[in-house]
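For reference, the structure discussed in these notes is given below.
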Amino acid sequence: MSMGIAQEICNKVMSEVQGIKDTGFPLDAFPEKVQTIILDMVRYENFKVEYLAPAMLSAVSSALGGTYYVRVKGQWITNAALYIIMVGRPGLGKTPPLEAAFQPIRRNDNANMEKFKTDMAAYQNAAKESKGDCGMEKPVLARTLVSDFTPEALLLAHYNSPRGITILVDEIMGMFNSANRYNNGQLIEQLLTAWSGGALDVVRVNNPIPIHIEHPCINMIGTTQTKRMGELMKKGYEENGLLDRILFTLPKVQQLALWTKEEDNSTHHRSASAMEAWQSIISKILTLDYETGEDGTGPKFHIIDMEEEARDEFIASHNATIQRTNAIEDDNMIESRPMKAPVHVARIALILQVLRYACGESHLQFLTKQAMHGAIRLMKYFEDSYCRIRGYVANDACDEPSRELLSTLNDSFTTADALAAGKQLRVTDRTVMNYLKELAKNRLIKKIRQGEYQKTVFETQQMTTSEKSRSVNCNE
């Protein structure tokens, strides 16, 4: 039996033992080597796979930066930047897996900091001795991770680190709450523009040389509590499109696994080995660099295409979304979020392909069908999480009487059905119509055609942490 097959069998057994299937997370979308790392960290560090795996996707994207792009369609290309928010109840363990995933990036930043200190000391000494121009270029600090910043400082950090930067904020609502503190929401505009691949500029009177970033690569990842998602969705980010650009992960089970004495005895060795393996993978990705043009100019990012089978699956997936959108008759019910799916899928597929290369399981010549298939499944998981979050927010926003009416109705119903249910609850027809408006406003139902409705999120009662919600695709 080959090592690869043995590892695959072992991963399947461990996934079964640890109940990964119950989480709904498609762990097998990752390379076998990464699956092993994740399973070890889940077991020996009590991490949730729904937090660790997405954080690792973000870490890979951060390490890759803007060195590789994937062709989406025609001249439409994109890098692998992701915006991710990890959602869950307080104390669920969101931060530890985030820090573990980014530990290799922090080590790289720390090494850059030490080099910067050494170079700056040499520069200052040379300048002092020459009493003027020492002939040396003043060193700048290149770092990937930024946490506390102004919009101008963010672009300066990116300017000094052209490969790319990552906004990593533990409680990310603090960043959004202060987003309008500087220059009327300039940070949000930067995030919107960078995600879409547009150039970024900062021109100031006291700085004669403007900061210009032609091909920005900005990742963003952070955590927040479930109860604060309503606060995020009220900031106008749905209207300006920022919400559509963010991937969300929310565990189905809001409980941590109990510790066991047997696991604790072997925790240090196994978790340390897993972190060493992850460090090795990220280090290999960090060595990937830009290509130099034949005319000596550069650096230029690499562009890779999808193999035919991967592109076929990619197109089929998006065409299914287009057909669902075209079938909607009411313009007010058309969602903008599904139209961002091709970019998300292409970026995740590029990350998976890079991971397979770094694990020695594939190459970087083109995107394979395996990477594309995994990306589509991961995207479905992220959208399922988003739907469940919308369910929590909608239930919190709606009054109990309107939710009670909804609980008595089938998944598809008519106005007449709602009015009949209202009579059973001794509610007037006018009040029932107001309930329907409230439910539609909070996206618990959608209007299919005149007088016909469908639940977008099945009733979830009080949505306590021990209850599981049943939901349909919000974009169907």
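Please note that chains go A, B, ... in the order of the structure tokens, that every chain numbers its residues from 1, and that ligands are numbered from 1 in the order shown.
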Margin query: Using only C-alpha atoms, which protein or nucleic acid residues come within 9 Å of Val72 (chain A)? Drop anything in the same chain fewer than 2 positions from it, and give the result as number ranges by chain.
Written below: A: 70, 74-78, 305-306, 311, 342-343, 346
Checklist line | Using only C-alpha atoms: which of A:Ile218, A:Ala194, A:Met229, A:Met339 has the shortest distance to Ser58 (chain A) | finding: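 Closest to Ser58 (chain A), using only C-alpha atoms: A:Ile218.
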Check: Skipping near chain neighbours, those fewer than 3 positions away, what residues fall within 12 Å of Glu309 (chain A) using only C-alpha atoms, listed as a PyMOL selection string?
Finding: chain A and resi 305-306+312-316+366-373
Next item on the list: Find the spatial neighbours of Pro26 (chain A), counting only C-alpha atoms, within a cut-off of 10 Å - ignore same-chain residues fewer than 4 positions away - and output them as a PyMOL selection string.
Entry: chain A and resi 20-21+30+49-50+53+374-375+377-381
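The space separating CA of Ala341 (chain A) from CA of His318 (chain A) comes to 7.5 Å.
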Could you give me, as a Markdown table, a per-residue list for region 294-361 of chain A showing, wherever an atom lies at most 12 Å from an atom of region 146-162 of chain A, the closest pair of atoms and their distance in Å to one decimal, using only C-alpha atoms and sorting by chain then residue number from low to high?
```
| residue | atom | partner | partner_atom | distance |
| --- | --- | --- | --- | --- |
| A:Pro299 | CA | A:Pro162 | CA | 10.4 |
| A:Lys300 | CA | A:Pro162 | CA | 11.5 |
| A:Phe301 | CA | A:Pro162 | CA | 11.4 |
```
Write the residues you've just listed into a file as a PDB file, in the first residue's frame, and include N, CA and C atoms for each of them.
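Here's the written file result20.pdb:
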```
ATOM      1  N   PRO A 299       8.736  42.982 -11.626  1.00  0.00           N
ATOM      2  CA  PRO A 299       8.214  41.613 -11.709  1.00  0.00           C
ATOM      3  C   PRO A 299       6.779  41.560 -12.246  1.00  0.00           C
ATOM      4  N   LYS A 300       6.397  40.419 -12.789  1.00  0.00           N
ATOM      5  CA  LYS A 300       5.050  40.217 -13.299  1.00  0.00           C
ATOM      6  C   LYS A 300       4.452  38.971 -12.653  1.00  0.00           C
ATOM      7  N   PHE A 301       3.168  39.048 -12.347  1.00  0.00           N
ATOM      8  CA  PHE A 301       2.531  37.891 -11.737  1.00  0.00           C
ATOM      9  C   PHE A 301       2.300  36.799 -12.783  1.00  0.00           C
TER      10      PHE A 301
END
```
Note to self: Measuring between only C-alpha atoms, which one of A:His215, A:Lys48, A:Arg143, A:Lys252 shows the shortest distance to Asp384 (chain A)?
What the structure shows: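 Ranking A:His215, A:Lys48, A:Arg143, A:Lys252 by distance to Asp384 (chain A), first place goes to A:Lys252.
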Check: When DSSP works through the backbone of this structure, what residues of region 75-254 of chain A end up as helix (DSSP H, G or I), shown as a ChimeraX atom specification?
Finding: /A:95-130,151-160,173-177,179-181,186-195,226-233,237-240,243-245
Notebook entry, point to check: Pick the closest to Ala121 (chain A) from A:Glu291, A:Glu307, A:Pro139, A:Thr428: which is it, counting only C-alpha atoms?
Noted result: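 For Ala121 (chain A), the nearest of the given residues is A:Pro139.
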Note to self: With distances taken over only C-alpha atoms, which residue among A:Leu425, A:Ile85, A:Leu191, A:Leu364 lies nearest Phe248 (chain A)?
What the structure shows: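 Selected residue with least distance to Phe248 (chain A): A:Ile85.
Of the listed residues A:Ile167, A:Ala199, A:Asp331, A:Glu361, the one whose atoms come nearest to His212 (chain A) is A:Ala199, with distances taken using only C-alpha atoms.
Secondary structure from DSSP on the backbone puts strand (DSSP E) at the following positions of region 200-357 of chain A: Leu200, Asp201, Val202, Val203, Arg204, Asn207, Pro208, Ile209, Pro210, Ile211, His212, Ile213, Ile218, Asn219, Met220, Ile221, Gly222, Thr223, Thr224, Gln225, Ile246, Leu247, Phe248, Thr249, His302, Ile303, Ile304, Asp305 and Met306 of chain A.
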Item checked: For Cys398 (chain A): contacts at 7 Å, only C-alpha atoms, fewer than 4 positions along chain excluded, given as number ranges by chain -> A: 394, 402-403, 438-439
Notebook entry, point to check: Which residue, A:Met113, A:Ala274, A:Ala81, A:Ala358, has the smallest gap to Asp40 (chain A) when you use only C-alpha atoms?
Noted result: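 Closest to Asp40 (chain A) of all the choices is A:Ala274.
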Quick one: residues within 7 Å of region 92-100 of chain A, only C-alpha atoms, excluding same-chain residues fewer than 5 positions away - as a short mmCIF file (atom, residue, chain, number, x, y, z; two decimals) with C-alpha atoms, in the first residue's frame?
```
data_model
loop_
_atom_site.label_atom_id
_atom_site.label_comp_id
_atom_site.auth_asym_id
_atom_site.auth_seq_id
_atom_site.Cartn_x
_atom_site.Cartn_y
_atom_site.Cartn_z
CA PHE A 47 -10.05 23.36 17.42
CA TYR A 51 -12.65 27.76 11.99
CA LEU A 52 -9.27 26.16 11.42
CA ALA A 55 -8.23 30.31 8.50
CA MET A 86 -15.64 33.52 11.44
CA ASP A 170 -9.74 39.22 16.21
CA THR A 223 -14.00 36.91 14.12
CA GLN A 254 -22.22 25.64 18.87
CA GLN A 255 -20.45 23.48 21.45
CA LEU A 256 -16.83 22.58 22.16
#
```
Margin query: Give me the residues near region 62-64 of chain A as a ChimeraX atom specification, where near means some atom within 6 Å (using only C-alpha atoms) and where sequence neighbours in that chain fewer than 2 positions away do not count.
Written below: /A:59-60,285-286
Got time to write the residues from that selection, all heavy atoms, as an mmCIF file, in the first residue's frame?
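Dumped everything to selection.cif:
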```
data_model
loop_
_atom_site.group_PDB
_atom_site.id
_atom_site.type_symbol
_atom_site.label_atom_id
_atom_site.label_comp_id
_atom_site.auth_asym_id
_atom_site.auth_seq_id
_atom_site.Cartn_x
_atom_site.Cartn_y
_atom_site.Cartn_z
ATOM 1 N N ALA A 59 -4.565 31.960 5.264
ATOM 2 C CA ALA A 59 -3.115 32.001 5.463
ATOM 3 C C ALA A 59 -2.374 31.666 4.173
ATOM 4 O O ALA A 59 -1.355 32.276 3.845
ATOM 5 C CB ALA A 59 -2.713 31.039 6.580
ATOM 6 N N VAL A 60 -2.888 30.693 3.426
ATOM 7 C CA VAL A 60 -2.268 30.334 2.139
ATOM 8 C C VAL A 60 -2.360 31.501 1.170
ATOM 9 O O VAL A 60 -1.394 31.851 0.482
ATOM 10 C CB VAL A 60 -2.936 29.087 1.536
ATOM 11 C CG1 VAL A 60 -2.437 28.839 0.116
ATOM 12 C CG2 VAL A 60 -2.650 27.867 2.399
ATOM 13 N N ILE A 285 5.284 28.014 0.046
ATOM 14 C CA ILE A 285 4.456 28.959 -0.700
ATOM 15 C C ILE A 285 5.102 30.346 -0.689
ATOM 16 O O ILE A 285 5.058 31.071 -1.692
ATOM 17 C CB ILE A 285 3.033 29.011 -0.107
ATOM 18 C CG1 ILE A 285 2.353 27.646 -0.260
ATOM 19 C CG2 ILE A 285 2.191 30.087 -0.781
ATOM 20 C CD1 ILE A 285 1.039 27.516 0.479
ATOM 21 N N LEU A 286 5.716 30.710 0.431
ATOM 22 C CA LEU A 286 6.381 32.011 0.527
ATOM 23 C C LEU A 286 7.553 32.141 -0.437
ATOM 24 O O LEU A 286 7.936 33.251 -0.813
ATOM 25 C CB LEU A 286 6.858 32.255 1.964
ATOM 26 C CG LEU A 286 5.775 32.620 2.985
ATOM 27 C CD1 LEU A 286 6.323 32.541 4.400
ATOM 28 C CD2 LEU A 286 5.203 34.010 2.711
#
```
